[in-house]
Amino acid sequence: MTGCPYPERVLPTDGTPLAPSPALALWRDEAPATPLRYPDGPDGLIVTRHALARDVLADPRFTVAVHRFPGPQEGTELDDLDEAGRAALAASNLLALDGEQHLRMRRAILSQFSMRAVRAREEAVAGIVASQLADFLAREQPADLFADYATPISMRTHCLVLGVPDALTPRFGELFVTGTSTTQEKFDYIRDVLAAREGAPGDDVITHLLQGEWTRAEVEGILLVLMTSGRDSVAYLISTAMVALLTHPDQLAVLRDDPSTLPGAIEEFMRVGAMFVTLFPRTAREDVELHGVVIPAGTTVAVSPVAANHDERQYDDPDRFDVTRDAFGHLGFGHGPHGCVGQQLARLEIREAVGQLLAAAPGIRLVHAEQLSPLPFAHPVATYEAGAVEVDWR
């Protein structure tokens with residue numbers, strides 16, 4: 001593109017959750033998929049159009065097993081991982097498995113995140129939100145909505161659904177939320193949790209796994225993925241939804257006038273505030289042609305939900321935030337075999353967190369949100385951070 005302000009074709013870092021980088025729109029106008037530089041070797045592609053993005057994510061001719069990231073990569077801490085930990089990662093890392101092996105591991109937990117299972121937890125999640133809301137509103141103002149409201153809600157709900165005993169929940173926060181830890185420390189913790197839950201079964205994911213026909217390595221590997229994933233994205237989404245509403249008073253007024261519109265509005269929150277600039281990359285197992293794009297075997301493809309969710313071919317006036325829009329079909333939860341297994345639970349948490357906060361704090365206003373300016377990506381996969389979201393309600 002002559003005169004393009006992004007000639008180097010690297011993943012742009014000038015976007016924010018509610019204002020994606022203009023580079024994505026430029027590339028989307030050019031073609032469904034365009035070249036992208038990967039720091040560890042040959043160039044690959046980035047998919048920015050909605051239709052191609054959905055098809056790539058659903059196509060079994062792509063594998064997630066080859067982890068090449070378009071952003072800076074962090075070092076892994078596996079050198080000192082014990083043999084059992086390595087076996088667990090090999091057996092059931094849902095983020096690196098394809099086909100029947102992936103489907104088998106996914107089936108191990110699907111029932112615990114079904115619509116029926118989530119409905120059965122509505123009262124418990126509402127109680128967690130109410131408890132955290134009372135604590136939040138008792139704080140000195142301004143208060144950080146992300147750190148003091150959204151993050152504790154997501155952590156407590158995560159532990160409830162997984163089945164982490166109350167006595168071990170603070171340690172979960174230290175290892176998976178607020179602190180830094182090695183993979184070995186996380187596996188050590190998982191083994192402590194399993195030992196505690198074996199003697200006190202409940203209605204939770206861990207008990208379900210322990211009572212199923214799964215090897216210990218498979219159970220540990222699945223739990224590492226579940227404990228590492230999902231919780232942070234829910235906290236991000238609660239915070240980003242509130243930033244979107246508080247910077248669009250007309251849309252906030254719609255929800256206040258008719259709270260019944262909130263469930264549908266969640267889809268719009270997901271569309272305009274998607275966390276993933278790119279998902280875990282896919283690599284073509286064979287030559288693939290989709291939507292006129294030829295993808296040679298071995299090519300790494302990064303699908304961008306942020307770009308696809310702003311595709312004017314899919315949504316009218318896609319840069320406009322509209323809580324009454326029919327935003328279903330967005331890629332905020334991914335799509336296909338690796339789509340987010342916990343998306344129904346996430347919807348429940350967002351609904352309760354946003355709905356209860358708006359009802360209890362009618363005067364809430366945004367003081368400052370770090371995410372309104374570009375922040376470093378939170379992960380090599382390229383995810384936006386929520387940052388501090390300071391609000392008051394006087």
# chains A, B, ... in the order shown; residues from 1 in each chain; ligands from 1
$ residues_around --residues "A:Leu209" --least-positions-apart "3" --cutoff "8 Å" --atoms "only C-alpha atoms" --output "list of chain:residue names"
A:Ala108, A:Ile109, A:Val205, A:Ile206, A:Gly212, A:Glu213, A:Trp214, A:Val219
$ write_last_selection --atoms "N, CA and C atoms" --output "PDB file, in the first residue's frame"
ATOM      1  N   ALA A 108     -14.368 -33.376  28.530  1.00  0.00           N
ATOM      2  CA  ALA A 108     -14.199 -33.626  29.960  1.00  0.00           C
ATOM      3  C   ALA A 108     -14.806 -32.515  30.806  1.00  0.00           C
ATOM      4  N   ILE A 109     -14.944 -31.325  30.234  1.00  0.00           N
ATOM      5  CA  ILE A 109     -15.399 -30.189  31.031  1.00  0.00           C
ATOM      6  C   ILE A 109     -16.651 -29.504  30.466  1.00  0.00           C
ATOM      7  N   VAL A 205     -16.059 -28.608  38.824  1.00  0.00           N
ATOM      8  CA  VAL A 205     -15.262 -29.165  37.729  1.00  0.00           C
ATOM      9  C   VAL A 205     -14.266 -30.195  38.242  1.00  0.00           C
ATOM     10  N   ILE A 206     -13.586 -29.905  39.340  1.00  0.00           N
ATOM     11  CA  ILE A 206     -12.553 -30.821  39.838  1.00  0.00           C
ATOM     12  C   ILE A 206     -13.151 -32.154  40.239  1.00  0.00           C
ATOM     13  N   GLY A 212     -14.290 -39.018  36.759  1.00  0.00           N
ATOM     14  CA  GLY A 212     -14.348 -39.486  35.386  1.00  0.00           C
ATOM     15  C   GLY A 212     -13.206 -40.435  35.064  1.00  0.00           C
ATOM     16  N   GLU A 213     -13.183 -40.869  33.833  1.00  0.00           N
ATOM     17  CA  GLU A 213     -12.157 -41.818  33.383  1.00  0.00           C
ATOM     18  C   GLU A 213     -10.992 -41.068  32.757  1.00  0.00           C
ATOM     19  N   TRP A 214     -10.319 -40.290  33.586  1.00  0.00           N
ATOM     20  CA  TRP A 214      -9.199 -39.488  33.119  1.00  0.00           C
ATOM     21  C   TRP A 214      -7.953 -39.838  33.922  1.00  0.00           C
ATOM     22  N   VAL A 219      -5.980 -34.817  34.099  1.00  0.00           N
ATOM     23  CA  VAL A 219      -6.670 -33.943  35.045  1.00  0.00           C
ATOM     24  C   VAL A 219      -5.804 -32.728  35.379  1.00  0.00           C
TER      25      VAL A 219
END
$ residues_around --residues "A:Asp59" --least-positions-apart "2" --cutoff "12 Å" --atoms "only C-alpha atoms" --output "VMD selection string"
chain A and resid 52 to 57 61 to 64 98 to 99 282 to 286 288 to 290 335 to 338
$ residues_around --residues "A:Val301" --least-positions-apart "2" --cutoff "12 Å" --atoms "only C-alpha atoms" --output "ChimeraX atom specification"
/A:32-38,42-48,52-53,56-57,61-64,66-70,278-285,288,293-299,303-304
$ closest_residue --among "A:Gly230, A:Gly332, A:Gly202, A:Gly85" --to "A:Ile266" --atoms "only C-alpha atoms"
A:Gly332
$ residues_around --residues "stretch 122-129 of chain A" --least-positions-apart "2" --cutoff "9 Å" --atoms "only C-alpha atoms" --output "PyMOL selection string"
chain A and resi 118-120+131-134+149-150+152-153+156-157+160+348-349+352-353+356-357
$ residues_around --residues "A:Leu358" --least-positions-apart "4" --cutoff "12 Å" --atoms "only C-alpha atoms" --output "ChimeraX atom specification"
/A:133,137,241-242,245-246,252-259,262,350-354,362-365,393
